[in-house]
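J.: mmCIF, C-alpha atoms, saved as upload_38.cif, coming up:
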```cif
data_my_file
loop_
_atom_site.group_PDB
_atom_site.id
_atom_site.type_symbol
_atom_site.label_atom_id
_atom_site.label_comp_id
_atom_site.auth_asym_id
_atom_site.auth_seq_id
_atom_site.Cartn_x
_atom_site.Cartn_y
_atom_site.Cartn_z
ATOM 1 C CA MET A 1 0.000 0.000 0.000
ATOM 2 C CA SER A 2 1.324 3.456 -0.795
ATOM 3 C CA ASP A 3 2.036 6.124 1.772
ATOM 4 C CA ALA A 4 -0.423 8.496 0.083
ATOM 5 C CA LYS A 5 -2.790 10.191 2.493
ATOM 6 C CA LEU A 6 -6.247 11.558 1.891
ATOM 7 C CA PRO A 7 -6.965 15.243 2.524
ATOM 8 C CA LEU A 8 -7.079 16.495 6.075
ATOM 9 C CA VAL A 9 -10.568 16.663 7.542
ATOM 10 C CA SER A 10 -11.718 20.074 8.730
ATOM 11 C CA GLY A 11 -8.389 21.158 10.182
ATOM 12 C CA PHE A 12 -7.652 17.959 12.099
ATOM 13 C CA GLU A 13 -3.947 17.326 12.494
ATOM 14 C CA HIS A 14 -4.037 13.603 11.673
ATOM 15 C CA PRO A 15 -4.644 12.528 8.052
ATOM 16 C CA ILE A 16 -7.233 9.859 7.412
ATOM 17 C CA GLU A 17 -5.734 6.623 6.218
ATOM 18 C CA GLN A 18 -6.218 5.635 2.574
ATOM 19 C CA ALA A 19 -7.767 2.312 3.637
ATOM 20 C CA LEU A 20 -10.843 4.003 5.135
ATOM 21 C CA SER A 21 -13.541 4.341 2.479
ATOM 22 C CA LEU A 22 -15.442 7.570 1.907
ATOM 23 C CA PRO A 23 -18.735 6.028 3.134
ATOM 24 C CA ALA A 24 -16.974 4.914 6.340
ATOM 25 C CA ARG A 25 -15.569 8.426 6.874
ATOM 26 C CA LEU A 26 -19.013 9.926 6.249
ATOM 27 C CA GLU A 27 -20.528 7.513 8.747
ATOM 28 C CA ALA A 28 -17.969 8.605 11.353
ATOM 29 C CA ILE A 29 -18.729 12.267 10.683
ATOM 30 C CA LEU A 30 -22.493 11.741 11.033
ATOM 31 C CA TYR A 31 -21.991 9.734 14.221
ATOM 32 C CA LEU A 32 -19.643 12.208 15.879
ATOM 33 C CA LYS A 33 -21.627 15.290 14.932
ATOM 34 C CA GLY A 34 -24.775 13.718 16.352
ATOM 35 C CA ARG A 35 -27.056 16.053 14.408
ATOM 36 C CA PRO A 36 -28.332 16.223 10.835
ATOM 37 C CA LEU A 37 -25.896 17.907 8.454
ATOM 38 C CA THR A 38 -26.400 19.549 5.082
ATOM 39 C CA LEU A 39 -24.685 18.037 2.071
ATOM 40 C CA GLN A 40 -22.309 21.023 1.996
ATOM 41 C CA GLU A 41 -21.371 20.478 5.662
ATOM 42 C CA VAL A 42 -20.717 16.786 4.991
ATOM 43 C CA ALA A 43 -18.555 17.682 1.986
ATOM 44 C CA ASP A 44 -16.599 20.309 3.922
ATOM 45 C CA LEU A 45 -15.984 18.014 6.894
ATOM 46 C CA SER A 46 -14.901 15.097 4.704
ATOM 47 C CA GLY A 47 -12.689 17.166 2.426
ATOM 48 C CA VAL A 48 -14.428 16.101 -0.791
ATOM 49 C CA SER A 49 -16.683 17.789 -3.335
ATOM 50 C CA VAL A 50 -20.436 17.990 -2.823
ATOM 51 C CA SER A 51 -21.027 15.454 -5.606
ATOM 52 C CA GLU A 52 -18.505 13.013 -4.072
ATOM 53 C CA ALA A 53 -20.130 13.448 -0.646
ATOM 54 C CA GLU A 54 -23.548 12.813 -2.175
ATOM 55 C CA GLN A 55 -22.319 9.634 -3.896
ATOM 56 C CA GLY A 56 -20.682 8.454 -0.664
ATOM 57 C CA LEU A 57 -23.889 9.085 1.280
ATOM 58 C CA LEU A 58 -25.912 7.139 -1.301
ATOM 59 C CA VAL A 59 -23.557 4.174 -0.894
ATOM 60 C CA LEU A 60 -23.829 4.482 2.895
ATOM 61 C CA ILE A 61 -27.643 4.682 2.775
ATOM 62 C CA ALA A 62 -27.792 1.620 0.511
ATOM 63 C CA GLY A 63 -25.484 -0.278 2.851
ATOM 64 C CA TYR A 64 -27.675 0.441 5.853
ATOM 65 C CA ALA A 65 -30.795 -0.538 3.881
ATOM 66 C CA GLN A 66 -29.285 -3.957 3.083
ATOM 67 C CA ARG A 67 -28.170 -4.752 6.646
ATOM 68 C CA ASP A 68 -30.256 -5.712 9.638
ATOM 69 C CA THR A 69 -29.015 -2.913 11.895
ATOM 70 C CA ALA A 70 -30.458 -0.657 14.571
ATOM 71 C CA LEU A 71 -29.161 2.441 12.767
ATOM 72 C CA GLU A 72 -30.178 4.190 9.590
ATOM 73 C CA ILE A 73 -29.243 7.271 7.625
ATOM 74 C CA ASN A 74 -32.142 9.691 7.612
ATOM 75 C CA HIS A 75 -32.397 12.258 4.811
ATOM 76 C CA ALA A 76 -34.972 14.941 5.521
ATOM 77 C CA ASN A 77 -35.215 18.679 4.866
ATOM 78 C CA GLY A 78 -31.943 18.633 2.932
ATOM 79 C CA ARG A 79 -30.004 17.180 5.872
ATOM 80 C CA TYR A 80 -28.443 13.785 6.565
ATOM 81 C CA GLY A 81 -28.276 12.210 9.998
ATOM 82 C CA LEU A 82 -27.392 8.905 11.613
ATOM 83 C CA GLN A 83 -30.194 7.771 13.904
ATOM 84 C CA LEU A 84 -31.850 4.783 15.504
ATOM 85 C CA ARG A 85 -34.460 3.076 13.381
ATOM 86 C CA PRO A 86 -38.040 3.913 14.397
ATOM 87 C CA GLY A 87 -39.322 1.841 17.302
ATOM 88 C CA LEU A 88 -35.978 1.367 19.049
ATOM 89 C CA GLY A 89 -35.992 4.545 21.145
ATOM 90 C CA ASP A 90 -37.888 2.983 24.035
ATOM 91 C CA LEU A 91 -35.575 -0.037 24.116
ATOM 92 C CA VAL A 92 -32.487 2.154 24.310
ATOM 93 C CA ARG A 93 -33.984 4.440 26.968
ATOM 94 C CA ASP A 94 -34.722 1.373 29.116
ATOM 95 C CA LEU A 95 -31.131 0.161 28.718
ATOM 96 C CA LEU A 96 -29.383 3.415 29.574
ATOM 97 C CA PRO A 97 -28.193 3.463 33.178
ATOM 98 C CA VAL A 98 -28.452 7.237 33.412
ATOM 99 C CA ASP A 99 -30.761 10.003 32.343
ATOM 100 C CA LEU A 100 -28.739 11.534 29.494
ATOM 101 C CA SER A 101 -29.835 12.541 26.040
ATOM 102 C CA THR A 102 -28.496 10.535 23.112
ATOM 103 C CA ALA A 103 -26.486 13.554 21.955
ATOM 104 C CA ALA A 104 -24.950 13.999 25.428
ATOM 105 C CA LEU A 105 -24.099 10.283 25.489
ATOM 106 C CA ARG A 106 -22.334 10.636 22.134
ATOM 107 C CA THR A 107 -20.390 13.586 23.499
ATOM 108 C CA LEU A 108 -19.520 11.534 26.588
ATOM 109 C CA ALA A 109 -18.381 8.663 24.353
ATOM 110 C CA THR A 110 -16.125 11.065 22.457
ATOM 111 C CA ILE A 111 -14.606 12.279 25.741
ATOM 112 C CA ALA A 112 -14.169 8.679 26.903
ATOM 113 C CA LEU A 113 -12.331 7.770 23.705
ATOM 114 C CA LYS A 114 -9.958 10.702 24.108
ATOM 115 C CA LYS A 115 -9.578 10.330 27.934
ATOM 116 C CA ARG A 116 -8.773 14.052 28.153
ATOM 117 C CA ILE A 117 -9.747 16.670 25.609
ATOM 118 C CA LEU A 118 -9.811 20.424 25.300
ATOM 119 C CA GLN A 119 -13.336 21.820 25.317
ATOM 120 C CA SER A 120 -12.551 23.748 22.117
ATOM 121 C CA ASP A 121 -11.501 20.512 20.361
ATOM 122 C CA LEU A 122 -14.638 18.762 21.600
ATOM 123 C CA VAL A 123 -16.824 21.560 20.215
ATOM 124 C CA ASP A 124 -14.966 21.268 16.888
ATOM 125 C CA LEU A 125 -15.786 17.540 16.816
ATOM 126 C CA ARG A 126 -19.351 17.632 18.134
ATOM 127 C CA GLY A 127 -20.608 21.084 17.155
ATOM 128 C CA SER A 128 -21.855 23.981 19.267
ATOM 129 C CA GLY A 129 -24.454 21.745 20.941
ATOM 130 C CA ALA A 130 -21.526 20.260 22.876
ATOM 131 C CA TYR A 131 -21.659 23.257 25.236
ATOM 132 C CA ASP A 132 -25.096 22.095 26.421
ATOM 133 C CA HIS A 133 -23.895 18.483 26.605
ATOM 134 C CA ILE A 134 -20.926 19.568 28.726
ATOM 135 C CA LYS A 135 -23.245 21.410 31.148
ATOM 136 C CA GLU A 136 -25.476 18.324 31.358
ATOM 137 C CA LEU A 137 -22.503 15.992 31.914
ATOM 138 C CA VAL A 138 -20.912 18.267 34.539
ATOM 139 C CA SER A 139 -24.239 18.614 36.378
ATOM 140 C CA GLN A 140 -24.545 14.821 36.542
ATOM 141 C CA ASN A 141 -20.882 14.534 37.612
ATOM 142 C CA PHE A 142 -19.699 12.415 34.645
ATOM 143 C CA ILE A 143 -17.006 14.890 33.599
ATOM 144 C CA GLU A 144 -14.870 17.649 35.124
ATOM 145 C CA ARG A 145 -13.779 20.920 33.540
ATOM 146 C CA LYS A 146 -10.501 22.548 34.543
ATOM 147 C CA ARG A 147 -9.162 25.761 33.063
ATOM 148 C CA GLN A 148 -6.144 25.262 30.841
ATOM 149 C CA SER A 149 -3.056 26.706 32.564
ATOM 150 C CA ASP A 150 -1.633 28.223 29.393
ATOM 151 C CA GLY A 151 -4.730 28.896 27.314
ATOM 152 C CA ARG A 152 -8.329 30.002 27.303
ATOM 153 C CA SER A 153 -10.084 26.659 26.942
ATOM 154 C CA PHE A 154 -10.889 23.989 29.524
ATOM 155 C CA TRP A 155 -9.547 20.468 29.890
ATOM 156 C CA ILE A 156 -12.378 17.967 30.090
ATOM 157 C CA THR A 157 -11.775 14.689 31.893
ATOM 158 C CA LEU A 158 -13.862 11.780 33.108
ATOM 159 C CA THR A 159 -14.863 11.469 36.762
ATOM 160 C CA GLU A 160 -14.907 8.542 39.116
ATOM 161 C CA LYS A 161 -18.716 8.420 38.688
ATOM 162 C CA PHE A 162 -18.246 7.822 34.953
ATOM 163 C CA HIS A 163 -15.884 4.919 35.633
ATOM 164 C CA ARG A 164 -18.241 3.380 38.218
ATOM 165 C CA THR A 165 -21.398 3.848 36.134
ATOM 166 C CA PHE A 166 -20.004 2.492 32.895
ATOM 167 C CA SER A 167 -17.609 -0.041 34.464
ATOM 168 C CA VAL A 168 -14.621 1.445 32.674
ATOM 169 C CA LEU A 169 -11.323 1.376 34.521
ATOM 170 C CA PRO A 170 -9.290 4.580 34.361
ATOM 171 C CA GLU A 171 -5.804 4.402 32.878
ATOM 172 C CA ILE A 172 -3.109 5.017 35.445
ATOM 173 C CA GLY A 173 -1.033 8.095 34.615
ATOM 174 C CA GLY A 174 -3.112 8.977 31.543
ATOM 175 C CA THR A 175 -4.225 12.413 32.708
ATOM 176 C CA GLU A 176 -1.225 14.569 31.860
ATOM 177 C CA PRO A 177 -1.807 17.119 29.092
ATOM 178 C CA PRO A 178 0.013 16.434 25.851
ATOM 179 C CA GLN A 179 3.371 18.169 25.522
ATOM 180 C CA ALA A 180 3.774 20.907 22.936
ATOM 181 C CA ALA A 181 5.769 19.883 19.875
#
```
Take the structure in this file and express it as structure tokens.
T.:
Amino acid sequence: MSDAKLPLVSGFEHPIEQALSLPARLEAILYLKGRPLTLQEVADLSGVSVSEAEQGLLVLIAGYAQRDTALEINHANGRYGLQLRPGLGDLVRDLLPVDLSTAALRTLATIALKKRILQSDLVDLRGSGAYDHIKELVSQNFIERKRQSDGRSFWITLTEKFHRTFSVLPEIGGTEPPQAA
């Protein structure tokens, strides 16, 4: 396989590997954003043209239609979103151990994957609705916000309650901020 990289996505510092298909990248974007996006937004975030984004979304929609999965791509009012299929909302609500919105849970999952993230980076990933999710998660004591010592943003980290509730063990020594290059 060549060392060629695909375009950077919306200012992210890490290039997306060639092996990841456009539909897979679009799926990741729709999942992480957690809200319906216009075709132009999808194109901008994926670093491709509007027509390429549209073709990739059509492939993704067809793939979901052929699989027996709980998720689907919804296209309504000129926007595309990844959502649960109709009729599964009650099942998921009964399974959730806490009273958090689906969008807040997605934001929490993003924080959990990163272990520690700047609030500004989280908002870049999840959109401006992340501010409300952060308030909700802080109020329920799943995350902590601490002002960055050398910047204007906040570091967001997981709390002990998160680890107890979701049975996820914290990594020892994994809370230091990344060093500047």
J.: Quick one: distance from atom CA of Leu84 of chain A to atom CA of Leu71 of chain A in Å, one decimal?
T.: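 Computed distance, atom CA of Leu84 of chain A to atom CA of Leu71 of chain A, equals 4.5 Å.
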J.: Evaluate the PyMOL selection byres ((chain A and resi 85) around 12) and record the selected residues as an MDAnalysis selection string, following the chain and residue labels used in the document.
T.: chainID A and resid 64:65 68:74 81:84 86:92
J.: Take the selection from the previous step and output its residues with C-alpha atoms, as a CSV table (one decimal), keeping the file's coordinate frame.
T.:
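Output saved as again-v9.csv:
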```csv
chain,number,residue,atom,x,y,z
A,64,TYR,CA,-27.7,0.4,5.9
A,65,ALA,CA,-30.8,-0.5,3.9
A,68,ASP,CA,-30.3,-5.7,9.6
A,69,THR,CA,-29.0,-2.9,11.9
A,70,ALA,CA,-30.5,-0.7,14.6
A,71,LEU,CA,-29.2,2.4,12.8
A,72,GLU,CA,-30.2,4.2,9.6
A,73,ILE,CA,-29.2,7.3,7.6
A,74,ASN,CA,-32.1,9.7,7.6
A,81,GLY,CA,-28.3,12.2,10.0
A,82,LEU,CA,-27.4,8.9,11.6
A,83,GLN,CA,-30.2,7.8,13.9
A,84,LEU,CA,-31.8,4.8,15.5
A,86,PRO,CA,-38.0,3.9,14.4
A,87,GLY,CA,-39.3,1.8,17.3
A,88,LEU,CA,-36.0,1.4,19.0
A,89,GLY,CA,-36.0,4.5,21.1
A,90,ASP,CA,-37.9,3.0,24.0
A,91,LEU,CA,-35.6,0.0,24.1
A,92,VAL,CA,-32.5,2.2,24.3
```
J.: Quick one: pull the distance between atom CA of Gly78 of chain A and atom CA of Arg35 of chain A, Å, one decimal.
T.: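 Between these atoms lies a distance of 12.7 Å.
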J.: If I take atom CA of Asp99 of chain A and atom CA of Val123 of chain A, how far is one from the other in Å, to one decimal?
T.: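 Computing the Euclidean distance for atom CA of Asp99 of chain A and atom CA of Val123 of chain A yields 21.8 Å.
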J.: Could you spell out the hits of the PyMOL selection byres ((chain A and resi 37) around 7) on the shown file, as a list of chain:residue names?
T.: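 Selected by the PyMOL selection byres ((chain A and resi 37) around 7) in this file: A:Arg35, A:Pro36, A:Thr38, A:Leu39, A:Glu41, A:Val42, A:Arg79, A:Tyr80, A:Gly81.
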J.: Return the single residue from A:Ser120, A:Lys115, A:Ser101, A:Arg152 that is closest to Leu137 of chain A, with distances computed using all atoms listed in the file.
T.: A:Ser101
J.: Using all atoms listed in the file, which of A:Leu60, A:Leu125, A:Ala76, A:Leu158 sits nearest Asn141 of chain A?
T.: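 Closest to Asn141 of chain A, using all atoms listed in the file: A:Leu158.
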J.: Could you spell out the hits of the PyMOL selection byres ((chain A and resi 23) around 8) on the shown file, as a list in words?
T.: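 With the PyMOL selection byres ((chain A and resi 23) around 8) on this model, the match is Ser21, Leu22, Ala24, Arg25, Leu26, Glu27, Gly56, Leu57, Val59 and Leu60 of chain A.
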J.: Can I get the selection written as a PDB file, keeping the file's coordinate frame, with C-alpha atoms?
T.:
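part.pdb, freshly written:
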```
ATOM      1  CA  SER A  21     -13.541   4.341   2.479  1.00  0.00           C
ATOM      2  CA  LEU A  22     -15.442   7.570   1.907  1.00  0.00           C
ATOM      3  CA  ALA A  24     -16.974   4.914   6.340  1.00  0.00           C
ATOM      4  CA  ARG A  25     -15.569   8.426   6.874  1.00  0.00           C
ATOM      5  CA  LEU A  26     -19.013   9.926   6.249  1.00  0.00           C
ATOM      6  CA  GLU A  27     -20.528   7.513   8.747  1.00  0.00           C
ATOM      7  CA  GLY A  56     -20.682   8.454  -0.664  1.00  0.00           C
ATOM      8  CA  LEU A  57     -23.889   9.085   1.280  1.00  0.00           C
ATOM      9  CA  VAL A  59     -23.557   4.174  -0.894  1.00  0.00           C
ATOM     10  CA  LEU A  60     -23.829   4.482   2.895  1.00  0.00           C
TER      11      LEU A  60
END
```
J.: With distances taken over all atoms listed in the file, which residue among A:Trp155, A:Leu45, A:Gln40, A:Phe166 lies nearest Lys114 of chain A?
T.: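 Once distances to Lys114 of chain A are computed over all atoms listed in the file, the minimum belongs to A:Trp155.
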J.: From the set A:Ile117, A:Ile111, A:Leu122, A:Leu30, which residue has the shortest atom-to-atom contact distance to Lys146 of chain A, counting all atoms listed in the file?
T.: A:Ile117
J.: Taking the point (-5.7, 22.4, 32.8) as given in the file, collect each protein or nucleic acid residue that comes within 12 Å of it, counting only C-alpha atoms, and present the set as a list in words.
T.: Arg116, Ile117, Leu118, Gln119, Glu144, Arg145, Lys146, Arg147, Gln148, Ser149, Asp150, Gly151, Arg152, Ser153, Phe154, Trp155, Ile156, Thr157, Thr175, Glu176, Pro177 and Pro178 of chain A
J.: Please return as JSON, numbers by chain every residue within 12 Å of (-27.2, 20.5, 28.0), taking into account all atoms listed in the file and the file's own coordinates.
T.: {"A": [99, 100, 101, 102, 103, 104, 105, 107, 108, 128, 129, 130, 131, 132, 133, 134, 135, 136, 137, 138, 139, 140]}
J.: Output C-alpha atoms of each residue in that selection to a file, as an mmCIF file, in the coordinates of the input.
T.:
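Ended up saving to again-v7.cif:
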```cif
data_model
loop_
_atom_site.group_PDB
_atom_site.id
_atom_site.type_symbol
_atom_site.label_atom_id
_atom_site.label_comp_id
_atom_site.auth_asym_id
_atom_site.auth_seq_id
_atom_site.Cartn_x
_atom_site.Cartn_y
_atom_site.Cartn_z
ATOM 1 C CA ASP A 99 -30.761 10.003 32.343
ATOM 2 C CA LEU A 100 -28.739 11.534 29.494
ATOM 3 C CA SER A 101 -29.835 12.541 26.040
ATOM 4 C CA THR A 102 -28.496 10.535 23.112
ATOM 5 C CA ALA A 103 -26.486 13.554 21.955
ATOM 6 C CA ALA A 104 -24.950 13.999 25.428
ATOM 7 C CA LEU A 105 -24.099 10.283 25.489
ATOM 8 C CA THR A 107 -20.390 13.586 23.499
ATOM 9 C CA LEU A 108 -19.520 11.534 26.588
ATOM 10 C CA SER A 128 -21.855 23.981 19.267
ATOM 11 C CA GLY A 129 -24.454 21.745 20.941
ATOM 12 C CA ALA A 130 -21.526 20.260 22.876
ATOM 13 C CA TYR A 131 -21.659 23.257 25.236
ATOM 14 C CA ASP A 132 -25.096 22.095 26.421
ATOM 15 C CA HIS A 133 -23.895 18.483 26.605
ATOM 16 C CA ILE A 134 -20.926 19.568 28.726
ATOM 17 C CA LYS A 135 -23.245 21.410 31.148
ATOM 18 C CA GLU A 136 -25.476 18.324 31.358
ATOM 19 C CA LEU A 137 -22.503 15.992 31.914
ATOM 20 C CA VAL A 138 -20.912 18.267 34.539
ATOM 21 C CA SER A 139 -24.239 18.614 36.378
ATOM 22 C CA GLN A 140 -24.545 14.821 36.542
#
```
J.: Using only C-alpha atoms, which of A:Phe142, A:Gln55, A:Ala109, A:Phe162 sits nearest Lys33 of chain A?
T.: A:Ala109
J.: To test the calculation: enclose all listed atoms of segment 152-166 of chain A in a box whose edges run along x, y and z, add 8 Å on each side, then state centre and edge lengths in Å to one decimal, as lines of an AutoDock Vina configuration file.
T.:
```
center_x = -14.9
center_y = 16.2
center_z = 33.0
size_x = 29.1
size_y = 43.5
size_z = 28.2
```
